[in-house]
Amino acid sequence: MIDRKPNPKAWLLLLPMLALVAFNAVLPLMTVVNYSVQETFGDNVFFWSGVEWFRQVLLSDRFHQSLLRQIIFSAAILAIEIPLGVLIAITMPRRGIGVAFCLVLMALPLLIPWNVVGAMWNILALPDIGLLGRAVNGLGVSYNFTQQPLAAWITCVVMDVWHWTSLVVLLSYAGLCAIPQPYYQAAKIDGASRWAVFRYIELPKMKHVLTIAILLRFMDSFMIYTEPFVLTGGGPGNTTTFLSIDLVKIALGQFDLGTAAAMSLIYFLIILLLCWVFYTVITRKGQQ
């Protein structure tokens, strides 16, 4: 038997990765922490403020309203995209030339940059020149996302569903293709219905990819910025001013760096907490 001793020099291979993570994550995070506990009046002069910025953010009605809008938006996205993505994946063919066609068709929306998606839907949904806006108004439905809060919300949700449902479809389809055929053959012999096959075979086997899909879509939807900003700019009024858009307005629009830094850290902790809750609940149900 060959006696293989661990080589401590192998850890040196991780140094480039650690340097990259430090540059892209740790250093910016430390800068945000620094601004969140200090006040500055320019000339790189700082004054200790402690947790004052955090207290102001947590007691602010503006933060509460933005957070509520963000939670409602993410909940709507998950409620629509997860079932819709699973349904589309189930109806897709498993063999033949249609497989490649469907996969390419599903992947196309994911290849479009976020700012382009917002610009596309802005032009498409304009009530006077947009194809969608003119079509909806032509049906007798009053639609103007630049002036009507409900129309702006619906447009943002539909835009995100169009852009990101494909991700859920591809993950679900991969999970379905990994299910061995003997499961389906046994269900056919037992005379199981289509719903029974989905409930007792496909859904349990897809729980891992669905967990990934739920976490990815929650994080993406909770941090969404570019698409709604390009589409509505946060309007009309503050109707679609989600937490991310409000944070940028405070940081760059008002140049209130202390409040923005505290708000970004609270934002970060909320995302971590909710992701942990999602993951814990889903995995616990899967074990049961």
# chains A, B, ... in the order shown; residues from 1 in each chain; ligands from 1
>>> residues_around(residues="region 218-221 of chain A", least_positions_apart="5", cutoff="7 Å", atoms="only C-alpha atoms", output="PDB file with C-alpha atoms, in the first residue's frame")
ATOM      1  CA  SER A  74     -40.679  38.233  -4.520  1.00  0.00           C
ATOM      2  CA  LEU A  78     -42.141  32.601  -6.606  1.00  0.00           C
ATOM      3  CA  ILE A 271     -31.550  38.046   2.386  1.00  0.00           C
TER       4      ILE A 271
END
>>> residues_around(residues="region 180-182 of chain A", least_positions_apart="6", cutoff="12 Å", atoms="only C-alpha atoms", output="number ranges by chain")
A: 94, 188-189, 201-202, 205
>>> write_last_selection(atoms="N, CA and C atoms", output="CSV table (one decimal), in the first residue's frame")
chain,number,residue,atom,x,y,z
A,94,ARG,N,-38.9,14.4,-24.0
A,94,ARG,CA,-37.7,13.8,-23.4
A,94,ARG,C,-36.7,13.2,-24.4
A,188,LYS,N,-46.8,2.6,-14.4
A,188,LYS,CA,-47.7,2.3,-15.5
A,188,LYS,C,-48.3,0.9,-15.3
A,189,ILE,N,-47.5,0.0,-14.7
A,189,ILE,CA,-48.1,-1.3,-14.4
A,189,ILE,C,-49.1,-1.3,-13.3
A,201,ILE,N,-43.7,10.4,-7.7
A,201,ILE,CA,-42.4,10.1,-8.3
A,201,ILE,C,-41.6,11.3,-8.7
A,202,GLU,N,-42.2,12.1,-9.5
A,202,GLU,CA,-41.5,13.3,-10.1
A,202,GLU,C,-41.2,14.4,-9.1
A,205,LYS,N,-38.4,13.4,-6.5
A,205,LYS,CA,-37.1,13.3,-7.2
A,205,LYS,C,-36.6,14.7,-7.6
>>> select_by_dssp(residues="region 36-188 of chain A", states="strand (DSSP E or B)", output="list in words")
Gln38, Glu39, Thr40, Phe46, Phe47 and Trp48 of chain A
>>> write_last_selection(atoms="C-alpha atoms", output="PDB file, in the first residue's frame")
ATOM      1  CA  GLN A  38     -19.316  56.667  11.018  1.00  0.00           C
ATOM      2  CA  GLU A  39     -20.334  60.083   9.712  1.00  0.00           C
ATOM      3  CA  THR A  40     -18.312  62.093   7.219  1.00  0.00           C
ATOM      4  CA  PHE A  46     -14.907  60.631   9.806  1.00  0.00           C
ATOM      5  CA  PHE A  47     -16.781  60.879  13.103  1.00  0.00           C
ATOM      6  CA  TRP A  48     -17.957  57.858  15.102  1.00  0.00           C
TER       7      TRP A  48
END
>>> closest_residue(among="A:Thr91, A:Asn44, A:Thr211, A:Asn115", to="Val230 (chain A)", atoms="only C-alpha atoms")
A:Asn115
>>> closest_residue(among="A:Phe41, A:Trp121, A:Leu150, A:Ala79", to="Phe255 (chain A)", atoms="only C-alpha atoms")
A:Phe41
